[in-house]
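Some notes on the structure that comes next.
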Amino acid sequence: MMETLSKTTTVELRKKLISAACPVWFREDPIKISQAQGQYMYDENGDRYLDCINNVCHVGHSHPAVTEAVTNQMALLNTNTRFLHDNMLLLAKNLTSSLPGKLSVCFFCNSGSEANDLAIRLARKYTGNKDVLTLDNAYHGHTDLLIDISPHKFKKPCMDGKKKWVHVADPPDVYRGRYAGDPNAGEKYALQLKNVIDNATHNGRKICCFILEAMQSCGGQQLYPPNYMKNCFKHVREAGGLCIVDEVQTGFGRVGTHMWAFELQGEDVQPDIVTIGKPMGNGFPVAAVITTPEVANKLAEGGHEYFNTYGGNPVAMAAGLAVWETVQKENLMKHAQEVGEFLLEEMKALQEKHENLGHVRGIGLFQGFELVKDRDTKEPATDLATEVIHRLKERHKRLSLMRPMRP
């Protein structure tokens with residue numbers, strides 16, 4: 001049995017042994033979690049917290065079906081994908097059968113960052129181009145490549161800024177954006193992306209791909225207006241690029257009405273590559289890239305191989321299969337839809353009472369509530385938002401802040 005440390009000792013050792021670059025919630029008084037079950041986490045004293053921010057334990061902390069599947073498979077076999085094993089194929093079959101069009105070939109890896117990194121690599125190999133289109137405030141992962149295409153990261157003063165091969169378009173913000181309230185916002189924001197493409201092309205750049213989150217998360221829980229993706233994809237493909245949808249934060253039924261959040265944009269929206277991760281293993285590290293045979297086969301030309309020591313291992317695949325089956329058996333998509341509708345309704349009622357609650361948005365269990373100092377100017381109420389989060393912590397409720405507008 002592992003040694004149990006006092007919270008004071010844990011904090012001291014964390015400061016000594018773990019880099020200060022690795023953040024912790026509530027630095028002044030962090031929460032020490034000792035166990036979790038379902039939607040609740042428990043600190044070292046047994047105090048219970050409602051967990052509203054953990055987007056990894058998708059079917060609930062310590063779900064018995066996932067725990068049993070991982071434990072049984074680990075006791076039986078764990079190896080790499082150079083041996084045949086059914087788990088990987090069964091999970092690949094489930095994933096591809098849920099996706100539209102020609103999205104029928106899987107690569108398995110360990111994290112959303114690995115998945116997005118591989119997706120860019122696939123697009124560059126297929127198109128022969130290098131340049132990447134991205135949205136302002138986007139976040140796609142922590143590798144060097146992904147930080148370079150994530151304004152959420154590279155815009156910070158401590159970073160190197162935007163590279164020449166990265167082209168940034170405005171996010172289709174329906175609250176703060178230039179076309180907020182416009183019934184044709186989707187088409188107009190897509191035209192703004194086309195302008196970015198045209199400018200890059202005029203300067204001799206060649207577009208490899210456009211990568212976007214199915215809904216922006218670190219960018220402030222942004223839902224895109226109708227017809228946005230369809231028109232964006234048209235402009236990107238006309239420029240010779242591929243369209244990559246990052247479902248790492250939003251996939252696996254979180255929106256309630258659909259398995260994948262990009263489907264909210266319509267049946268005629270079909271990405272060339274989809275990446276998935278975080279909730280896929282309910283806390284076990286597993287992720288995937290799903291693409292078309294044409295894109296996948298291009299990578300294999302010339303004898304090139306993709307091998308990932310742990311990607312697709314039987315234990316990770318067992319976790320993924322258990323999550324998939326649990327979502328179906330427990331009807332969790334319907335649950336996400338019902339709880340999400342209730343939460344939105346309640347928050348809109350609060351909005352009528354509180355002027356500081358400027359905007360309420362979301363679908364299913366992907367929601368954001370924007371606090372402002374003034375509804376007319378929409379000036380962000382950053383200090384108030386921080387106070388709300390700390391007050392909720394005192395009441396044992398865990399929520400998080402996203403601050404693309406932070407001064």
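Labels for the structure tokens follow display order: chains A, B, ..., residues from 1 in each chain, ligands from 1.
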Q.
Among stretch 143-276 of chain A, which ones does DSSP assign to helix (DSSP H, G or I) (computed from the backbone)? Answer as a ChimeraX atom specification.
A. /A:144-148,151-154,185-202,228-238,261-265
Those same residues - N, CA and C atoms - I'd like them written as a compact mmCIF listing (two decimals), in the first residue's frame.
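The resulting file, result14.txt, is reproduced below:
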# COMPACT_ATOMS: atom_id res chain seq x y z
N ASP A 144 5.52 20.78 -29.81
CA ASP A 144 5.99 22.01 -30.45
C ASP A 144 5.11 22.37 -31.64
N LEU A 145 4.80 21.38 -32.48
CA LEU A 145 3.99 21.63 -33.66
C LEU A 145 2.62 22.18 -33.27
N LEU A 146 1.99 21.58 -32.27
CA LEU A 146 0.63 21.97 -31.90
C LEU A 146 0.58 23.30 -31.16
N ILE A 147 1.62 23.62 -30.40
CA ILE A 147 1.69 24.95 -29.79
C ILE A 147 1.80 26.01 -30.88
N ASP A 148 2.54 25.68 -31.95
CA ASP A 148 2.68 26.62 -33.07
C ASP A 148 1.37 26.91 -33.79
N PRO A 151 -3.18 29.47 -31.07
CA PRO A 151 -3.06 30.84 -30.57
C PRO A 151 -3.27 30.96 -29.06
N HIS A 152 -4.08 30.07 -28.50
CA HIS A 152 -4.29 30.05 -27.06
C HIS A 152 -2.96 29.95 -26.32
N LYS A 153 -1.97 29.33 -26.97
CA LYS A 153 -0.65 29.17 -26.37
C LYS A 153 0.36 30.16 -26.93
N PHE A 154 0.49 30.25 -28.28
CA PHE A 154 1.62 30.99 -28.83
C PHE A 154 1.48 32.51 -28.70
N ALA A 185 -24.26 34.73 -40.17
CA ALA A 185 -22.93 34.77 -39.55
C ALA A 185 -22.04 33.63 -40.03
N GLY A 186 -22.60 32.43 -40.18
CA GLY A 186 -21.79 31.29 -40.59
C GLY A 186 -21.10 31.52 -41.93
N GLU A 187 -21.86 31.98 -42.92
CA GLU A 187 -21.31 32.24 -44.24
C GLU A 187 -20.28 33.37 -44.19
N LYS A 188 -20.56 34.41 -43.39
CA LYS A 188 -19.67 35.57 -43.35
C LYS A 188 -18.35 35.26 -42.64
N TYR A 189 -18.42 34.48 -41.55
CA TYR A 189 -17.17 34.08 -40.90
C TYR A 189 -16.36 33.16 -41.82
N ALA A 190 -17.04 32.33 -42.59
CA ALA A 190 -16.34 31.47 -43.54
C ALA A 190 -15.66 32.29 -44.63
N LEU A 191 -16.29 33.37 -45.05
CA LEU A 191 -15.67 34.26 -46.04
C LEU A 191 -14.43 34.93 -45.45
N GLN A 192 -14.47 35.21 -44.16
CA GLN A 192 -13.28 35.78 -43.52
C GLN A 192 -12.13 34.78 -43.56
N LEU A 193 -12.44 33.49 -43.37
CA LEU A 193 -11.42 32.45 -43.51
C LEU A 193 -10.90 32.43 -44.95
N LYS A 194 -11.79 32.56 -45.93
CA LYS A 194 -11.37 32.59 -47.34
C LYS A 194 -10.42 33.76 -47.60
N ASN A 195 -10.69 34.89 -46.98
CA ASN A 195 -9.79 36.03 -47.14
C ASN A 195 -8.40 35.71 -46.61
N VAL A 196 -8.33 35.00 -45.50
CA VAL A 196 -7.05 34.58 -44.95
C VAL A 196 -6.34 33.65 -45.93
N ILE A 197 -7.09 32.72 -46.51
CA ILE A 197 -6.53 31.80 -47.50
C ILE A 197 -6.01 32.57 -48.71
N ASP A 198 -6.82 33.48 -49.22
CA ASP A 198 -6.44 34.24 -50.41
C ASP A 198 -5.18 35.07 -50.15
N ASN A 199 -5.09 35.65 -48.97
CA ASN A 199 -3.91 36.44 -48.63
C ASN A 199 -2.66 35.57 -48.56
N ALA A 200 -2.81 34.39 -47.96
CA ALA A 200 -1.68 33.46 -47.87
C ALA A 200 -1.24 33.02 -49.26
N THR A 201 -2.20 32.67 -50.10
CA THR A 201 -1.90 32.23 -51.46
C THR A 201 -1.22 33.33 -52.26
N HIS A 202 -1.71 34.55 -52.11
CA HIS A 202 -1.11 35.71 -52.80
C HIS A 202 0.35 35.88 -52.42
N TYR A 228 -21.36 27.26 -41.05
CA TYR A 228 -19.96 27.70 -40.93
C TYR A 228 -19.00 26.64 -41.49
N MET A 229 -19.05 25.43 -40.96
CA MET A 229 -18.10 24.41 -41.39
C MET A 229 -18.25 24.09 -42.87
N LYS A 230 -19.47 23.96 -43.33
CA LYS A 230 -19.70 23.61 -44.73
C LYS A 230 -19.00 24.58 -45.67
N ASN A 231 -19.15 25.86 -45.41
CA ASN A 231 -18.54 26.87 -46.27
C ASN A 231 -17.03 26.95 -46.08
N CYS A 232 -16.58 26.80 -44.84
CA CYS A 232 -15.14 26.78 -44.60
C CYS A 232 -14.48 25.63 -45.35
N PHE A 233 -15.07 24.45 -45.25
CA PHE A 233 -14.49 23.28 -45.89
C PHE A 233 -14.42 23.47 -47.41
N LYS A 234 -15.44 24.10 -47.98
CA LYS A 234 -15.45 24.37 -49.41
C LYS A 234 -14.26 25.26 -49.79
N HIS A 235 -14.04 26.33 -49.04
CA HIS A 235 -12.95 27.25 -49.35
C HIS A 235 -11.58 26.57 -49.17
N VAL A 236 -11.45 25.78 -48.13
CA VAL A 236 -10.17 25.11 -47.86
C VAL A 236 -9.85 24.11 -48.97
N ARG A 237 -10.83 23.33 -49.37
CA ARG A 237 -10.59 22.31 -50.40
C ARG A 237 -10.29 22.94 -51.75
N GLU A 238 -10.90 24.08 -52.02
CA GLU A 238 -10.59 24.79 -53.26
C GLU A 238 -9.14 25.27 -53.28
N ALA A 261 -19.57 16.18 -32.29
CA ALA A 261 -20.10 17.54 -32.27
C ALA A 261 -20.12 18.18 -33.66
N PHE A 262 -19.21 17.79 -34.56
CA PHE A 262 -19.24 18.40 -35.89
C PHE A 262 -20.53 18.09 -36.63
N GLU A 263 -21.22 17.01 -36.23
CA GLU A 263 -22.48 16.65 -36.88
C GLU A 263 -23.58 17.68 -36.63
N LEU A 264 -23.39 18.54 -35.64
CA LEU A 264 -24.34 19.62 -35.39
C LEU A 264 -24.41 20.57 -36.57
N GLN A 265 -23.36 20.59 -37.38
CA GLN A 265 -23.30 21.50 -38.52
C GLN A 265 -24.03 20.96 -39.76
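Among A:Gly220, A:Thr81, A:Gln351, A:His396, the residue with the shortest atom-to-atom distance to A:Asp43, counting only C-alpha atoms, is A:His396.
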Please, which residues in stretch 242-273 of chain A fall within 12 Å of stretch 316-331 of chain A when counting only C-alpha atoms, and what is the closest atom pair and distance in Å to one decimal for each, ordered by chain then residue number, as JSON lines?
{"residue": "A:Gly251", "atom": "CA", "partner": "A:Trp324", "partner_atom": "CA", "distance": 11.4}
{"residue": "A:Phe252", "atom": "CA", "partner": "A:Trp324", "partner_atom": "CA", "distance": 7.9}
{"residue": "A:Gly253", "atom": "CA", "partner": "A:Val327", "partner_atom": "CA", "distance": 7.8}
{"residue": "A:Arg254", "atom": "CA", "partner": "A:Val327", "partner_atom": "CA", "distance": 9.9}
{"residue": "A:Gly256", "atom": "CA", "partner": "A:Asn331", "partner_atom": "CA", "distance": 9.9}
{"residue": "A:Thr257", "atom": "CA", "partner": "A:Asn331", "partner_atom": "CA", "distance": 11.5}
{"residue": "A:Met259", "atom": "CA", "partner": "A:Val327", "partner_atom": "CA", "distance": 9.8}
Saved selection, atoms kept: N, CA and C atoms, as a PDB file, in the first residue's frame:
ATOM      1  N   GLY A 251     -16.146  15.058 -28.315  1.00  0.00           N
ATOM      2  CA  GLY A 251     -16.713  13.846 -28.893  1.00  0.00           C
ATOM      3  C   GLY A 251     -17.324  12.879 -27.907  1.00  0.00           C
ATOM      4  N   PHE A 252     -17.738  11.746 -28.425  1.00  0.00           N
ATOM      5  CA  PHE A 252     -18.307  10.636 -27.653  1.00  0.00           C
ATOM      6  C   PHE A 252     -19.636  10.993 -26.993  1.00  0.00           C
ATOM      7  N   GLY A 253     -20.473  11.745 -27.718  1.00  0.00           N
ATOM      8  CA  GLY A 253     -21.827  11.984 -27.244  1.00  0.00           C
ATOM      9  C   GLY A 253     -21.995  13.085 -26.235  1.00  0.00           C
ATOM     10  N   ARG A 254     -20.962  13.847 -25.991  1.00  0.00           N
ATOM     11  CA  ARG A 254     -21.048  14.894 -24.972  1.00  0.00           C
ATOM     12  C   ARG A 254     -22.138  15.920 -25.279  1.00  0.00           C
ATOM     13  N   GLY A 256     -24.950  15.324 -26.630  1.00  0.00           N
ATOM     14  CA  GLY A 256     -26.260  14.722 -26.389  1.00  0.00           C
ATOM     15  C   GLY A 256     -26.993  14.290 -27.641  1.00  0.00           C
ATOM     16  N   THR A 257     -27.157  15.190 -28.591  1.00  0.00           N
ATOM     17  CA  THR A 257     -27.949  14.879 -29.783  1.00  0.00           C
ATOM     18  C   THR A 257     -27.174  14.088 -30.825  1.00  0.00           C
ATOM     19  N   MET A 259     -23.239  11.828 -31.706  1.00  0.00           N
ATOM     20  CA  MET A 259     -22.025  11.238 -31.153  1.00  0.00           C
ATOM     21  C   MET A 259     -20.836  12.180 -31.305  1.00  0.00           C
TER      22      MET A 259
END
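Atom CA of A:Ile273 is found 21.8 Å from atom CA of A:Gly303.
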Q.
If we count only C-alpha atoms and set the cut-off at 12 Å, which residues sit around A:Lys155, ignoring sequence neighbours fewer than 3 positions away in its own chain? Please answer as a PyMOL selection string.
A. chain A and resi 136-139+147-152+158-163+168+404
**Q.** Spatial neighbours of A:Cys208, max dist 7 Å, only C-alpha atoms, sep filter under 4 positions, as JSON, numbers by chain
**A.** {"A": [123, 124, 127, 129, 130, 131, 132, 241, 242]}
Selection to disk with N, CA, C and O atoms, as a PDB file, in the first residue's frame:
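Writing the result to out31.pdb gives the following:
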ATOM      1  N   ALA A 123      -1.866  15.239 -43.236  1.00  0.00           N
ATOM      2  CA  ALA A 123      -2.281  16.266 -44.193  1.00  0.00           C
ATOM      3  C   ALA A 123      -1.098  16.777 -45.005  1.00  0.00           C
ATOM      4  O   ALA A 123      -1.210  17.010 -46.223  1.00  0.00           O
ATOM      5  N   ARG A 124       0.033  16.960 -44.366  1.00  0.00           N
ATOM      6  CA  ARG A 124       1.222  17.430 -45.092  1.00  0.00           C
ATOM      7  C   ARG A 124       1.712  16.387 -46.088  1.00  0.00           C
ATOM      8  O   ARG A 124       2.113  16.723 -47.206  1.00  0.00           O
ATOM      9  N   THR A 127      -0.994  16.349 -49.087  1.00  0.00           N
ATOM     10  CA  THR A 127      -1.062  17.538 -49.955  1.00  0.00           C
ATOM     11  C   THR A 127       0.297  17.976 -50.484  1.00  0.00           C
ATOM     12  O   THR A 127       0.377  18.655 -51.516  1.00  0.00           O
ATOM     13  N   ASN A 129       1.947  20.137 -48.981  1.00  0.00           N
ATOM     14  CA  ASN A 129       2.039  21.519 -48.502  1.00  0.00           C
ATOM     15  C   ASN A 129       2.335  21.547 -47.012  1.00  0.00           C
ATOM     16  O   ASN A 129       2.192  20.534 -46.321  1.00  0.00           O
ATOM     17  N   LYS A 130       2.708  22.724 -46.516  1.00  0.00           N
ATOM     18  CA  LYS A 130       3.096  22.848 -45.105  1.00  0.00           C
ATOM     19  C   LYS A 130       2.161  23.716 -44.281  1.00  0.00           C
ATOM     20  O   LYS A 130       1.917  23.452 -43.103  1.00  0.00           O
ATOM     21  N   ASP A 131       1.590  24.764 -44.869  1.00  0.00           N
ATOM     22  CA  ASP A 131       0.912  25.796 -44.095  1.00  0.00           C
ATOM     23  C   ASP A 131      -0.408  25.318 -43.492  1.00  0.00           C
ATOM     24  O   ASP A 131      -1.156  24.542 -44.109  1.00  0.00           O
ATOM     25  N   VAL A 132      -0.689  25.822 -42.290  1.00  0.00           N
ATOM     26  CA  VAL A 132      -1.864  25.398 -41.528  1.00  0.00           C
ATOM     27  C   VAL A 132      -2.760  26.594 -41.218  1.00  0.00           C
ATOM     28  O   VAL A 132      -2.286  27.650 -40.791  1.00  0.00           O
ATOM     29  N   GLY A 241      -6.335  22.196 -49.596  1.00  0.00           N
ATOM     30  CA  GLY A 241      -6.077  21.709 -48.250  1.00  0.00           C
ATOM     31  C   GLY A 241      -7.077  20.673 -47.782  1.00  0.00           C
ATOM     32  O   GLY A 241      -8.139  20.488 -48.386  1.00  0.00           O
ATOM     33  N   LEU A 242      -6.736  19.980 -46.696  1.00  0.00           N
ATOM     34  CA  LEU A 242      -7.631  19.031 -46.050  1.00  0.00           C
ATOM     35  C   LEU A 242      -8.295  19.690 -44.846  1.00  0.00           C
ATOM     36  O   LEU A 242      -7.807  20.693 -44.317  1.00  0.00           O
TER      37      LEU A 242
END
Q.
So that I can check the surroundings of stretch 367-383 of chain A, please list as a PyMOL selection string every protein, DNA and RNA residue that reaches within 7 Å of it, counting only C-alpha atoms and ignoring chain neighbours fewer than 6 positions away.
A. chain A and resi 220-221+355-361+405-406
How would the residues just picked look written out with N, CA and C atoms as a compact mmCIF listing (two decimals), in the first residue's frame?
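To be explicit, this is the file written out as result.txt:
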# COMPACT_ATOMS: atom_id res chain seq x y z
N GLY A 220 -13.52 29.50 -25.12
CA GLY A 220 -14.70 30.03 -24.45
C GLY A 220 -15.99 29.29 -24.72
N GLN A 221 -15.91 27.97 -24.92
CA GLN A 221 -17.12 27.16 -25.14
C GLN A 221 -17.97 27.74 -26.28
N GLU A 355 -27.47 41.08 -14.20
CA GLU A 355 -26.94 41.81 -15.35
C GLU A 355 -25.54 41.34 -15.72
N ASN A 356 -24.80 40.84 -14.74
CA ASN A 356 -23.43 40.41 -15.01
C ASN A 356 -23.36 39.12 -15.83
N LEU A 357 -24.46 38.39 -15.90
CA LEU A 357 -24.48 37.16 -16.69
C LEU A 357 -24.82 37.54 -18.13
N GLY A 358 -23.77 37.85 -18.89
CA GLY A 358 -23.96 38.41 -20.21
C GLY A 358 -24.43 37.45 -21.27
N HIS A 359 -23.92 36.22 -21.24
CA HIS A 359 -24.26 35.27 -22.29
C HIS A 359 -24.28 33.86 -21.74
N VAL A 360 -25.28 33.11 -22.15
CA VAL A 360 -25.42 31.70 -21.78
C VAL A 360 -25.46 30.90 -23.07
N ARG A 361 -24.61 29.92 -23.20
CA ARG A 361 -24.55 29.14 -24.45
C ARG A 361 -24.13 27.71 -24.17
N MET A 405 -10.52 36.47 -23.44
CA MET A 405 -10.63 37.92 -23.41
C MET A 405 -9.84 38.54 -22.25
N ARG A 406 -9.06 37.72 -21.56
CA ARG A 406 -8.36 38.23 -20.37
C ARG A 406 -7.35 39.31 -20.79
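Take the candidates A:Thr9, A:Ser98, A:Asn308, A:Asn282 and check each one against A:Thr67 using only C-alpha atoms; the shortest distance goes to A:Asn282.
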Q. Which parts of stretch 123-272 of chain A does DSSP call strand (DSSP E or B) when run on the backbone here, written out as a PyMOL selection string?
A. chain A and resi 131-135+166-169+207-213+216+222+242-246
Close residues, A:Asp29 itself excluded, 12 Å, only C-alpha atoms, min 3 positions apart in chain, as a PDB file with all heavy atoms, in the first residue's frame:
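Written file, selection_6.pdb:
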ATOM      1  N   LYS A   7      -1.357  16.756   3.608  1.00  0.00           N
ATOM      2  CA  LYS A   7      -1.515  17.717   2.520  1.00  0.00           C
ATOM      3  C   LYS A   7      -0.352  18.709   2.509  1.00  0.00           C
ATOM      4  O   LYS A   7       0.155  19.080   1.440  1.00  0.00           O
ATOM      5  CB  LYS A   7      -2.847  18.464   2.665  1.00  0.00           C
ATOM      6  CG  LYS A   7      -3.086  19.469   1.564  1.00  0.00           C
ATOM      7  CD  LYS A   7      -4.443  20.140   1.685  1.00  0.00           C
ATOM      8  CE  LYS A   7      -4.627  21.217   0.634  1.00  0.00           C
ATOM      9  NZ  LYS A   7      -5.960  21.868   0.709  1.00  0.00           N
ATOM     10  N   THR A   8       0.105  19.120   3.680  1.00  0.00           N
ATOM     11  CA  THR A   8       1.229  20.056   3.771  1.00  0.00           C
ATOM     12  C   THR A   8       2.467  19.467   3.115  1.00  0.00           C
ATOM     13  O   THR A   8       3.161  20.138   2.336  1.00  0.00           O
ATOM     14  CB  THR A   8       1.533  20.405   5.239  1.00  0.00           C
ATOM     15  OG1 THR A   8       0.385  21.007   5.824  1.00  0.00           O
ATOM     16  CG2 THR A   8       2.710  21.354   5.331  1.00  0.00           C
ATOM     17  N   THR A  10       2.501  17.056   0.882  1.00  0.00           N
ATOM     18  CA  THR A  10       2.227  16.915  -0.544  1.00  0.00           C
ATOM     19  C   THR A  10       2.503  18.219  -1.278  1.00  0.00           C
ATOM     20  O   THR A  10       3.125  18.235  -2.345  1.00  0.00           O
ATOM     21  CB  THR A  10       0.767  16.495  -0.770  1.00  0.00           C
ATOM     22  OG1 THR A  10       0.552  15.220  -0.166  1.00  0.00           O
ATOM     23  CG2 THR A  10       0.453  16.398  -2.256  1.00  0.00           C
ATOM     24  N   VAL A  11       2.055  19.342  -0.718  1.00  0.00           N
ATOM     25  CA  VAL A  11       2.281  20.651  -1.336  1.00  0.00           C
ATOM     26  C   VAL A  11       3.767  20.960  -1.398  1.00  0.00           C
ATOM     27  O   VAL A  11       4.291  21.422  -2.429  1.00  0.00           O
ATOM     28  CB  VAL A  11       1.523  21.754  -0.562  1.00  0.00           C
ATOM     29  CG1 VAL A  11       1.931  23.137  -1.055  1.00  0.00           C
ATOM     30  CG2 VAL A  11       0.024  21.565  -0.707  1.00  0.00           C
ATOM     31  N   VAL A  24      -1.573  23.759 -11.188  1.00  0.00           N
ATOM     32  CA  VAL A  24      -2.456  23.064 -10.265  1.00  0.00           C
ATOM     33  C   VAL A  24      -3.635  23.994  -9.982  1.00  0.00           C
ATOM     34  O   VAL A  24      -3.486  25.227  -9.963  1.00  0.00           O
ATOM     35  CB  VAL A  24      -1.720  22.703  -8.949  1.00  0.00           C
ATOM     36  CG1 VAL A  24      -1.252  23.949  -8.214  1.00  0.00           C
ATOM     37  CG2 VAL A  24      -2.574  21.828  -8.053  1.00  0.00           C
ATOM     38  N   TRP A  25      -4.832  23.432  -9.831  1.00  0.00           N
ATOM     39  CA  TRP A  25      -6.000  24.254  -9.521  1.00  0.00           C
ATOM     40  C   TRP A  25      -5.828  24.917  -8.159  1.00  0.00           C
ATOM     41  O   TRP A  25      -5.370  24.292  -7.200  1.00  0.00           O
ATOM     42  CB  TRP A  25      -7.263  23.390  -9.486  1.00  0.00           C
ATOM     43  CG  TRP A  25      -7.661  22.758 -10.786  1.00  0.00           C
ATOM     44  CD1 TRP A  25      -7.548  21.445 -11.129  1.00  0.00           C
ATOM     45  CD2 TRP A  25      -8.246  23.410 -11.918  1.00  0.00           C
ATOM     46  NE1 TRP A  25      -8.021  21.231 -12.396  1.00  0.00           N
ATOM     47  CE2 TRP A  25      -8.461  22.425 -12.910  1.00  0.00           C
ATOM     48  CE3 TRP A  25      -8.611  24.733 -12.186  1.00  0.00           C
ATOM     49  CZ2 TRP A  25      -9.021  22.717 -14.146  1.00  0.00           C
ATOM     50  CZ3 TRP A  25      -9.166  25.029 -13.425  1.00  0.00           C
ATOM     51  CH2 TRP A  25      -9.370  24.032 -14.382  1.00  0.00           C
ATOM     52  N   PHE A  26      -6.236  26.166  -8.046  1.00  0.00           N
ATOM     53  CA  PHE A  26      -6.265  26.906  -6.783  1.00  0.00           C
ATOM     54  C   PHE A  26      -4.897  26.844  -6.083  1.00  0.00           C
ATOM     55  O   PHE A  26      -4.730  26.216  -5.045  1.00  0.00           O
ATOM     56  CB  PHE A  26      -7.346  26.340  -5.855  1.00  0.00           C
ATOM     57  CG  PHE A  26      -8.707  26.295  -6.462  1.00  0.00           C
ATOM     58  CD1 PHE A  26      -9.272  25.079  -6.841  1.00  0.00           C
ATOM     59  CD2 PHE A  26      -9.434  27.449  -6.693  1.00  0.00           C
ATOM     60  CE1 PHE A  26     -10.526  25.018  -7.427  1.00  0.00           C
ATOM     61  CE2 PHE A  26     -10.688  27.408  -7.268  1.00  0.00           C
ATOM     62  CZ  PHE A  26     -11.240  26.193  -7.639  1.00  0.00           C
ATOM     63  N   LYS A  32      -6.545  18.431  -2.518  1.00  0.00           N
ATOM     64  CA  LYS A  32      -5.889  17.128  -2.616  1.00  0.00           C
ATOM     65  C   LYS A  32      -6.963  16.060  -2.731  1.00  0.00           C
ATOM     66  O   LYS A  32      -7.746  15.844  -1.805  1.00  0.00           O
ATOM     67  CB  LYS A  32      -5.003  16.858  -1.391  1.00  0.00           C
ATOM     68  CG  LYS A  32      -4.287  15.514  -1.483  1.00  0.00           C
ATOM     69  CD  LYS A  32      -3.328  15.284  -0.318  1.00  0.00           C
ATOM     70  CE  LYS A  32      -2.637  13.938  -0.458  1.00  0.00           C
ATOM     71  NZ  LYS A  32      -1.679  13.679   0.648  1.00  0.00           N
ATOM     72  N   HIS A 390     -14.062  30.587  -6.972  1.00  0.00           N
ATOM     73  CA  HIS A 390     -13.594  30.324  -5.609  1.00  0.00           C
ATOM     74  C   HIS A 390     -14.766  30.141  -4.644  1.00  0.00           C
ATOM     75  O   HIS A 390     -14.692  29.318  -3.717  1.00  0.00           O
ATOM     76  CB  HIS A 390     -12.674  31.454  -5.140  1.00  0.00           C
ATOM     77  CG  HIS A 390     -11.281  31.355  -5.672  1.00  0.00           C
ATOM     78  ND1 HIS A 390     -10.925  31.773  -6.936  1.00  0.00           N
ATOM     79  CD2 HIS A 390     -10.146  30.851  -5.119  1.00  0.00           C
ATOM     80  CE1 HIS A 390      -9.647  31.548  -7.131  1.00  0.00           C
ATOM     81  NE2 HIS A 390      -9.143  30.997  -6.049  1.00  0.00           N
ATOM     82  N   LYS A 393     -15.945  26.697  -5.124  1.00  0.00           N
ATOM     83  CA  LYS A 393     -15.026  25.754  -4.471  1.00  0.00           C
ATOM     84  C   LYS A 393     -15.371  25.624  -2.988  1.00  0.00           C
ATOM     85  O   LYS A 393     -15.370  24.522  -2.421  1.00  0.00           O
ATOM     86  CB  LYS A 393     -13.587  26.227  -4.634  1.00  0.00           C
ATOM     87  CG  LYS A 393     -12.576  25.300  -3.944  1.00  0.00           C
ATOM     88  CD  LYS A 393     -11.277  26.027  -3.649  1.00  0.00           C
ATOM     89  CE  LYS A 393     -10.361  25.162  -2.795  1.00  0.00           C
ATOM     90  NZ  LYS A 393      -9.240  25.910  -2.218  1.00  0.00           N
ATOM     91  N   GLU A 394     -15.662  26.758  -2.355  1.00  0.00           N
ATOM     92  CA  GLU A 394     -16.034  26.734  -0.941  1.00  0.00           C
ATOM     93  C   GLU A 394     -17.293  25.900  -0.707  1.00  0.00           C
ATOM     94  O   GLU A 394     -17.472  25.317   0.363  1.00  0.00           O
ATOM     95  CB  GLU A 394     -16.257  28.169  -0.437  1.00  0.00           C
ATOM     96  CG  GLU A 394     -14.983  29.010  -0.404  1.00  0.00           C
ATOM     97  CD  GLU A 394     -15.273  30.467  -0.111  1.00  0.00           C
ATOM     98  OE1 GLU A 394     -16.467  30.802   0.105  1.00  0.00           O
ATOM     99  OE2 GLU A 394     -14.323  31.272  -0.087  1.00  0.00           O
TER     100      GLU A 394
END
Q. Mind pulling up the distance from atom CA of A:Ala169 to atom CA of A:Leu135?
A. 4.9 Å
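Between atom CA of A:Arg391 and atom CA of A:Lys278 the interatomic distance comes to 27.7 Å.
With only C-alpha atoms as the atoms that count, the residue of A:Asn297, A:Asn54, A:Ser104, A:Gln222 with the shortest distance to A:Lys125 is A:Asn297.
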Q.
Using only C-alpha atoms, which protein or nucleic acid residues come within 8 Å of A:Thr79? Drop anything in the same chain fewer than 2 positions from it, and give the result as a PyMOL selection string.
A. chain A and resi 77+81+83+310+313-314
Q: Can you work out which one of A:Met280, A:Ala20, A:Lys93, A:Asp47 has the shortest atom-to-atom distance to A:Arg395, counting only C-alpha atoms?
A: A:Asp47
